[in-house]
Every structure is written in structure tokens, then in C-alpha cells.
>>> print(open('run_19.txt').read())   # compact mmCIF, C-alpha atoms and all ligand atoms
# COMPACT_ATOMS: atom_id res chain seq x y z
CA MET A 19 0.00 0.00 0.00
CA LYS A 20 1.69 3.14 -1.26
CA TYR A 21 -1.07 5.58 -0.34
CA ARG A 22 -3.36 5.14 2.64
CA THR A 23 -5.61 8.19 2.36
CA LEU A 24 -7.46 8.80 -0.90
CA LEU A 25 -9.10 12.16 -1.64
CA PHE A 26 -11.69 11.84 -4.40
CA ASP A 27 -13.25 14.60 -6.47
CA VAL A 28 -16.96 13.92 -7.24
CA ASP A 29 -18.12 15.51 -10.52
CA ASN A 30 -16.85 13.67 -13.59
CA THR A 31 -14.73 11.50 -11.28
CA LEU A 32 -17.39 9.49 -9.37
CA LEU A 33 -20.61 10.94 -10.79
CA ASP A 34 -21.02 11.70 -14.48
CA PHE A 35 -21.79 15.41 -14.45
CA ASP A 36 -21.71 15.73 -18.26
CA ALA A 37 -24.46 13.12 -18.59
CA ASN A 38 -26.37 14.81 -15.78
CA GLU A 39 -26.27 18.18 -17.57
CA GLU A 40 -27.59 16.72 -20.81
CA GLU A 41 -30.39 14.80 -19.10
CA SER A 42 -31.36 17.82 -16.98
CA PHE A 43 -31.53 19.97 -20.10
CA ARG A 44 -33.88 17.47 -21.75
CA LEU A 45 -36.12 17.25 -18.65
CA MET A 46 -36.25 21.04 -18.34
CA LEU A 47 -37.39 21.34 -21.96
CA GLU A 48 -40.12 18.81 -21.20
CA ASP A 49 -41.23 20.82 -18.15
CA MET A 50 -41.43 23.91 -20.33
CA GLY A 51 -43.43 22.21 -23.05
CA GLU A 52 -40.60 22.37 -25.59
CA THR A 53 -39.03 19.51 -27.48
CA GLU A 54 -35.41 18.88 -28.36
CA THR A 55 -35.10 19.42 -32.08
CA GLY A 56 -31.76 17.64 -32.15
CA GLU A 57 -29.71 20.82 -32.30
CA LEU A 58 -30.79 22.73 -29.18
CA TYR A 59 -28.38 21.11 -26.74
CA GLY A 60 -25.36 21.66 -28.96
CA ILE A 61 -26.23 25.32 -29.44
CA TYR A 62 -26.88 25.68 -25.72
CA LYS A 63 -23.48 24.19 -24.81
CA GLU A 64 -21.70 26.67 -27.03
CA LEU A 65 -23.72 29.63 -25.79
CA ASN A 66 -23.25 28.53 -22.17
CA SER A 67 -19.50 28.20 -22.47
CA ARG A 68 -19.26 31.68 -24.01
CA LEU A 69 -21.28 33.07 -21.09
CA TRP A 70 -18.96 31.33 -18.59
CA LYS A 71 -15.91 32.88 -20.25
CA ARG A 72 -17.53 36.30 -19.77
CA ILE A 73 -18.24 35.39 -16.14
CA GLU A 74 -14.59 34.36 -15.60
CA LYS A 75 -13.49 37.72 -17.04
CA GLY A 76 -15.83 39.51 -14.63
CA GLU A 77 -17.97 41.02 -17.41
CA ILE A 78 -21.17 39.55 -15.96
CA THR A 79 -21.99 37.84 -12.67
CA VAL A 80 -22.75 34.13 -12.30
CA GLU A 81 -26.34 34.98 -11.50
CA GLU A 82 -26.75 37.17 -14.57
CA GLY A 83 -25.22 34.46 -16.73
CA VAL A 84 -27.32 31.54 -15.52
CA ASN A 85 -30.52 33.55 -15.47
CA ARG A 86 -30.22 34.55 -19.09
CA ARG A 87 -28.68 31.48 -20.73
CA PHE A 88 -32.01 29.87 -21.56
CA SER A 89 -33.76 33.06 -22.63
CA ASP A 90 -30.75 33.88 -24.86
CA LEU A 91 -30.98 30.39 -26.33
CA MET A 92 -34.67 30.53 -27.11
CA ALA A 93 -34.41 34.10 -28.44
CA ARG A 94 -32.37 32.63 -31.28
CA PHE A 95 -35.51 30.77 -32.27
CA GLY A 96 -37.68 33.85 -31.92
CA LYS A 97 -39.13 32.77 -28.58
CA THR A 98 -39.39 34.87 -25.44
CA VAL A 99 -39.12 32.76 -22.29
CA ASP A 100 -38.63 33.42 -18.57
CA GLY A 101 -34.87 32.81 -18.12
CA PRO A 102 -34.86 32.57 -14.30
CA GLU A 103 -37.81 30.17 -14.35
CA TRP A 104 -36.07 27.88 -16.84
CA GLU A 105 -32.89 28.08 -14.77
CA ARG A 106 -34.78 26.98 -11.65
CA ALA A 107 -36.27 24.01 -13.50
CA TYR A 108 -32.86 23.04 -14.89
CA ARG A 109 -31.22 23.29 -11.47
CA ARG A 110 -33.95 21.19 -9.88
CA HIS A 111 -33.08 18.34 -12.22
CA LEU A 112 -29.36 18.92 -11.96
CA ASN A 113 -29.49 18.64 -8.18
CA GLN A 114 -31.16 15.25 -8.43
CA GLY A 115 -28.84 13.83 -11.06
CA ILE A 116 -26.88 10.82 -9.90
CA GLN A 117 -25.56 9.33 -13.14
CA GLU A 118 -22.55 7.25 -12.11
CA ILE A 119 -19.14 6.81 -13.67
CA PRO A 120 -19.06 3.13 -14.75
CA GLY A 121 -17.75 0.78 -12.06
CA VAL A 122 -17.71 3.37 -9.30
CA HIS A 123 -19.36 1.18 -6.64
CA GLN A 124 -17.08 -1.80 -7.33
CA VAL A 125 -13.97 0.37 -7.20
CA LEU A 126 -14.85 2.29 -4.02
CA GLY A 127 -16.17 -0.86 -2.31
CA GLN A 128 -12.96 -2.75 -3.06
CA LEU A 129 -10.71 0.13 -1.93
CA GLU A 130 -12.61 0.38 1.33
CA LYS A 131 -12.37 -3.39 1.84
CA GLU A 132 -8.63 -3.27 1.31
CA GLY A 133 -8.32 -0.72 4.12
CA TYR A 134 -7.87 2.57 2.29
CA GLU A 135 -9.37 5.61 3.97
CA LEU A 136 -11.59 7.45 1.51
CA TYR A 137 -12.60 11.11 1.61
CA VAL A 138 -14.51 13.36 -0.76
CA ILE A 139 -13.13 16.73 -1.85
CA THR A 140 -15.64 18.60 -3.98
CA ASN A 141 -16.50 22.11 -5.11
CA GLY A 142 -20.20 22.83 -4.90
CA VAL A 143 -23.22 23.68 -2.80
CA ALA A 144 -23.15 21.49 0.34
CA GLN A 145 -26.81 20.49 0.25
CA THR A 146 -26.69 19.60 -3.43
CA GLN A 147 -23.54 17.51 -3.16
CA GLU A 148 -24.69 15.74 0.03
CA SER A 149 -28.03 14.93 -1.55
CA ARG A 150 -26.43 13.56 -4.74
CA MET A 151 -23.94 11.49 -2.72
CA SER A 152 -26.61 9.94 -0.52
CA ARG A 153 -29.11 9.34 -3.33
CA SER A 154 -26.44 7.54 -5.34
CA GLY A 155 -25.40 5.51 -2.28
CA LEU A 156 -21.80 6.68 -2.66
CA ASP A 157 -21.74 8.39 0.73
CA ARG A 158 -21.31 5.05 2.52
CA TYR A 159 -17.72 4.60 1.33
CA PHE A 160 -16.38 7.86 2.73
CA LYS A 161 -15.17 8.74 6.22
CA GLU A 162 -15.89 12.39 5.62
CA ARG A 163 -16.98 14.70 2.82
CA PHE A 164 -15.22 18.03 2.35
CA ILE A 165 -17.42 20.41 0.36
CA SER A 166 -16.29 23.89 -0.66
CA GLY A 167 -19.68 25.45 0.08
CA GLN A 168 -19.42 24.30 3.67
CA ILE A 169 -15.79 25.21 4.18
CA GLY A 170 -15.97 28.64 2.56
CA ALA A 171 -13.05 27.95 0.23
CA GLY A 172 -12.70 25.63 -2.73
CA LYS A 173 -10.16 23.68 -4.78
CA PRO A 174 -7.48 24.60 -5.80
CA SER A 175 -7.03 27.07 -2.92
CA ARG A 176 -4.57 26.47 -0.10
CA GLU A 177 -7.32 27.31 2.42
CA PHE A 178 -9.39 24.38 1.19
CA PHE A 179 -6.54 21.88 1.38
CA ASP A 180 -5.32 23.24 4.73
CA TYR A 181 -8.81 22.61 6.07
CA VAL A 182 -8.80 19.06 4.71
CA LYS A 183 -5.34 18.34 6.16
CA SER A 184 -6.29 19.61 9.59
CA HIS A 185 -9.51 17.58 9.68
CA ILE A 186 -8.03 14.18 8.85
CA ARG A 187 -6.63 12.44 11.90
CA GLY A 188 -2.94 11.61 11.52
CA PHE A 189 -2.76 13.21 8.09
CA ASP A 190 0.47 12.51 6.19
CA SER A 191 0.89 14.11 2.73
CA ARG A 192 3.26 11.35 1.56
CA GLU A 193 0.62 8.67 2.10
CA THR A 194 -2.21 10.68 0.55
CA LEU A 195 -3.40 10.88 -3.04
CA VAL A 196 -5.70 13.40 -4.76
CA ILE A 197 -7.79 11.81 -7.55
CA GLY A 198 -9.77 14.02 -9.95
CA ASP A 199 -10.61 14.91 -13.54
CA SER A 200 -9.77 18.60 -13.36
CA LEU A 201 -6.21 19.74 -13.91
CA SER A 202 -6.98 23.30 -12.80
CA SER A 203 -8.73 22.44 -9.53
CA ASP A 204 -7.85 18.88 -8.41
CA ILE A 205 -4.33 18.47 -9.76
CA LYS A 206 -3.20 22.07 -9.27
CA GLY A 207 -4.70 22.08 -5.78
CA GLY A 208 -2.95 18.84 -4.83
CA ILE A 209 0.41 19.96 -6.19
CA ASP A 210 0.19 23.36 -4.47
CA ALA A 211 -0.68 21.59 -1.21
CA GLY A 212 2.24 19.17 -1.54
CA ILE A 213 0.02 16.09 -1.96
CA PRO A 214 0.63 13.45 -4.69
CA THR A 215 -1.93 13.56 -7.50
CA CYS A 216 -3.67 11.24 -9.95
CA TRP A 217 -5.34 12.77 -13.00
CA PHE A 218 -8.45 10.92 -14.21
CA ALA A 219 -8.31 11.65 -17.95
CA ARG A 220 -11.49 9.80 -18.82
CA GLY A 221 -12.09 9.21 -22.52
CA LYS A 222 -9.08 11.27 -23.62
CA SER A 223 -6.65 10.08 -26.27
CA ALA A 224 -2.89 10.16 -25.65
CA ALA A 225 -2.61 13.24 -27.86
CA GLU A 226 -5.40 15.05 -25.97
CA ARG A 227 -3.79 14.21 -22.63
CA GLU A 228 -0.44 15.51 -23.78
CA ALA A 229 -1.93 18.74 -25.15
CA GLU A 230 -3.91 19.43 -21.98
CA LEU A 231 -0.93 18.70 -19.74
CA ALA A 232 1.31 20.96 -21.83
CA ASP A 233 -1.34 23.70 -21.72
CA SER A 234 -1.70 23.46 -17.96
CA GLY A 235 2.02 23.26 -17.24
CA LEU A 236 1.20 20.67 -14.55
CA SER A 237 2.74 17.24 -13.96
CA PRO A 238 0.48 14.89 -12.04
CA ASP A 239 2.23 11.90 -10.44
CA HIS A 240 -0.16 9.45 -12.09
CA VAL A 241 -2.65 9.45 -14.98
CA ILE A 242 -5.51 6.97 -15.40
CA GLY A 243 -8.16 6.60 -18.11
CA GLU A 244 -10.54 4.32 -16.20
CA LEU A 245 -11.48 4.44 -12.55
CA ALA A 246 -10.46 0.79 -12.05
CA GLU A 247 -6.87 1.65 -13.06
CA ILE A 248 -6.55 3.24 -9.63
CA PHE A 249 -5.58 -0.18 -8.24
CA SER A 250 -2.31 -0.10 -10.19
CA VAL A 251 -1.53 3.32 -8.69
CA VAL A 252 -2.32 2.92 -4.98
MG MG A 301 -14.52 17.05 -11.30
>>> encode(input="run_19.txt", output="C-alpha cells", more="lines below")
Ligand SMILES: [Mg+2]
Amino acid sequence: MKYRTLLFDVDNTLLDFDANEEESFRLMLEDMGETETGELYGIYKELNSRLWKRIEKGEITVEEGVNRRFSDLMARFGKTVDGPEWERAYRRHLNQGIQEIPGVHQVLGQLEKEGYELYVITNGVAQTQESRMSRSGLDRYFKERFISGQIGAGKPSREFFDYVKSHIRGFDSRETLVIGDSLSSDIKGGIDAGIPTCWFARGKSAAEREAELADSGLSPDHVIGELAEIFSVV
């Protein structure tokens, strides 16, 4: 056993957030009496990512962005809709989404059986993340769940990882591993905090991995493409 304490990200590491977003979008359209024409989701994704870039630059607030993304989308089709109302419907579905990454129960169950200590490190609203963890049954594998919304700081900040370190009994960085899909939050956060890291590059080709790593300037200690590959790392 190389690592004893495993810190797992949740979204797109244990739960499939991409699938959740797509399903929530479809359910929201249903609620609103609209049907997916086959192109709406693709257009929405593009529009949404442009809005998030403006949010990151500080041009608009998160609230402004999310409250107008659906009215902006439908305006392209000549329809006037209540943006905040659509956002609330979307979020309701998103909060209930528990689509799992394939094999997640087998992997976490086996790790726990072999004596690893498992913790969750996630950015998000505490109530939402707790509810998704318990509804999916994933909460049972973890000794504790560290959620940014509860702590008041998130990955990749030092404050977040300092909090985690000080709340794990007998914490030792050398025996701990951060596992997550995000280079900018999980891997950067782990490296900055002096904790070994494992990048979960799900569904990415060797060329894509290389390009993203070069872009980020980060060097995780391990890279896996499937959750079950974690056994060859720990
Ligand atoms: Mg993630």
C-alpha cells in the first residue's frame, strides 16, 4: 500500500456530471413544453461556455449568466421565455442527477475493503452535493466529505486543502493521493498543497492528454483513463 488516504473529487470523477447536464436539459425542456429538435443542446453548450468565459473575465456575474442562458438560447428561435424560471427548472433536475461513472461502486467498495481511507473533496453547494452522494449511495464509502460550500473555500485554494489536512486524523501528505478529472482544480490544488496527484483523464486520447498537460504546465504523479486503473496506482 503506497497511499493510505485517498481524496476523491466527485463531478466527472465518481458521478457523471456531463451526462447529468444533458439529461437535466432534456427534462427542463419537457417541463417547459418544448421539445429537443436535435440541435438545441449543442447550441446551448456553445452559448453557455461563451457566457462562462464572460463570467470568468468579470464582465457579468454568475447569477446574470445563468438567469439569461435559456432566454438567450430561445431568443435565437424567436421565442421569449422566462430565463430565471427555466434556470430553476434546470437546477432542480441537476441537483437530483446521480448518473454514475461506470464501475464506481465496485472500485470504491474494493478500496474500502482493502483498508484505504476514503474522503470526498468537492467544489459545490453542500446540500446539493450531500443529496447527490446519498441518493447515489456513494456516501457510505467515505469517512468524511469536504465540500467547498461548507468550508468557505474551494479547490485549488490552499485554504481548502489546509482545512482538509487539519480535519483528517494523523494526516500525512506522503501517504495521501488526490484523484480528480480537473487539472486546474484537483491536480493544481494537490500539487500546491504538496500532496501526490492522480489525473483521471477519462475518454481522452494520448494526444489530448499531452496537449492538456502541456497547456496546464502541470505534472500529475499518475494518470488513469478508467477508474479501475486506480488499483495499479495505490
Ligand atoms: Mg470534477
>>> residues_near_ligand(input="run_19.txt", ligand="ligand MG 301 (chain A)", cutoff="10 Å", atoms="all atoms listed in the file", output="list in words")
Phe26, Asp27, Val28, Asp29, Asn30, Thr31, Leu32, Leu33, Asp34, Phe35, Ile139, Thr140, Asn141, Ile197, Gly198, Asp199, Ser200, Leu201, Ser202, Ser203, Asp204 and Phe218 of chain A
>>> atom_distance(input="run_19.txt", atom1="CA of Gly121 (chain A)", atom2="CA of Glu244 (chain A)")
9.0 Å
>>> residues_around(input="run_19.txt", residues="Gly207 (chain A)", least_positions_apart="6", cutoff="10 Å", atoms="all atoms listed in the file", output="list in words")
Gly172, Lys173, Pro174, Ser175, Arg176, Phe178, Phe179, Val196, Ser200, Leu201, Ile213 and Thr215 of chain A
>>> residues_around(input="run_19.txt", residues="Asp157 (chain A)", least_positions_apart="3", cutoff="12 Å", atoms="all atoms listed in the file", output="list in words")
Phe26, Val28, Leu32, Leu33, Val122, His123, Leu126, Gly127, Leu136, Tyr137, Val138, Gln147, Glu148, Ser149, Arg150, Met151, Ser152, Arg153, Ser154, Phe160, Lys161, Glu162, Arg163 and Phe164 of chain A
>>> atom_distance(input="run_19.txt", atom1="CA of Leu47 (chain A)", atom2="CA of Val143 (chain A)")
23.9 Å
>>> atom_distance(input="run_19.txt", atom1="CA of Asp239 (chain A)", atom2="CA of Lys20 (chain A)")
12.7 Å
>>> closest_residue(input="run_19.txt", among="A:Asn38, A:Asn66, A:Gln128, A:Gln114", to="Ala246 (chain A)", atoms="only C-alpha atoms")
A:Gln128
>>> closest_residue(input="run_19.txt", among="A:Ile116, A:Gly243, A:Tyr134, A:Met92", to="Thr53 (chain A)", atoms="only C-alpha atoms")
A:Met92
>>> build_atoms(input="run_19.txt", residues="region 106-125 of chain A", atoms="N, CA and C atoms", output="compact mmCIF listing (two decimals), keeping the file's coordinate frame")
# COMPACT_ATOMS: atom_id res chain seq x y z
N ARG A 106 -34.34 27.70 -12.86
CA ARG A 106 -34.78 26.98 -11.65
C ARG A 106 -35.17 25.54 -11.99
N ALA A 107 -35.87 25.36 -13.10
CA ALA A 107 -36.27 24.01 -13.50
C ALA A 107 -35.04 23.16 -13.82
N TYR A 108 -34.10 23.76 -14.52
CA TYR A 108 -32.86 23.04 -14.89
C TYR A 108 -32.11 22.61 -13.64
N ARG A 109 -31.97 23.54 -12.70
CA ARG A 109 -31.22 23.29 -11.47
C ARG A 109 -31.88 22.21 -10.61
N ARG A 110 -33.21 22.21 -10.63
CA ARG A 110 -33.95 21.19 -9.88
C ARG A 110 -33.55 19.80 -10.37
N HIS A 111 -33.47 19.64 -11.66
CA HIS A 111 -33.08 18.34 -12.22
C HIS A 111 -31.61 18.04 -11.98
N LEU A 112 -30.80 19.07 -12.15
CA LEU A 112 -29.36 18.92 -11.96
C LEU A 112 -29.04 18.43 -10.55
N ASN A 113 -29.74 18.99 -9.57
CA ASN A 113 -29.49 18.64 -8.18
C ASN A 113 -29.86 17.20 -7.86
N GLN A 114 -30.74 16.62 -8.69
CA GLN A 114 -31.16 15.25 -8.43
C GLN A 114 -30.38 14.24 -9.25
N GLY A 115 -29.55 14.72 -10.15
CA GLY A 115 -28.84 13.83 -11.06
C GLY A 115 -27.78 13.00 -10.37
N ILE A 116 -27.87 11.69 -10.55
CA ILE A 116 -26.88 10.82 -9.90
C ILE A 116 -26.31 9.81 -10.90
N GLN A 117 -26.16 10.22 -12.15
CA GLN A 117 -25.56 9.33 -13.14
C GLN A 117 -24.15 8.97 -12.69
N GLU A 118 -23.85 7.67 -12.66
CA GLU A 118 -22.55 7.25 -12.11
C GLU A 118 -21.50 7.03 -13.19
N ILE A 119 -20.25 7.22 -12.82
CA ILE A 119 -19.14 6.81 -13.67
C ILE A 119 -19.11 5.28 -13.60
N PRO A 120 -19.00 4.59 -14.74
CA PRO A 120 -19.06 3.13 -14.75
C PRO A 120 -18.08 2.49 -13.75
N GLY A 121 -18.61 1.54 -12.98
CA GLY A 121 -17.75 0.78 -12.06
C GLY A 121 -17.46 1.45 -10.74
N VAL A 122 -18.09 2.60 -10.49
CA VAL A 122 -17.71 3.37 -9.30
C VAL A 122 -17.96 2.62 -7.99
N HIS A 123 -19.08 1.90 -7.90
CA HIS A 123 -19.36 1.18 -6.64
C HIS A 123 -18.36 0.04 -6.41
N GLN A 124 -18.05 -0.71 -7.47
CA GLN A 124 -17.08 -1.80 -7.33
C GLN A 124 -15.73 -1.27 -6.87
N VAL A 125 -15.29 -0.17 -7.50
CA VAL A 125 -13.97 0.37 -7.20
C VAL A 125 -13.90 0.89 -5.76
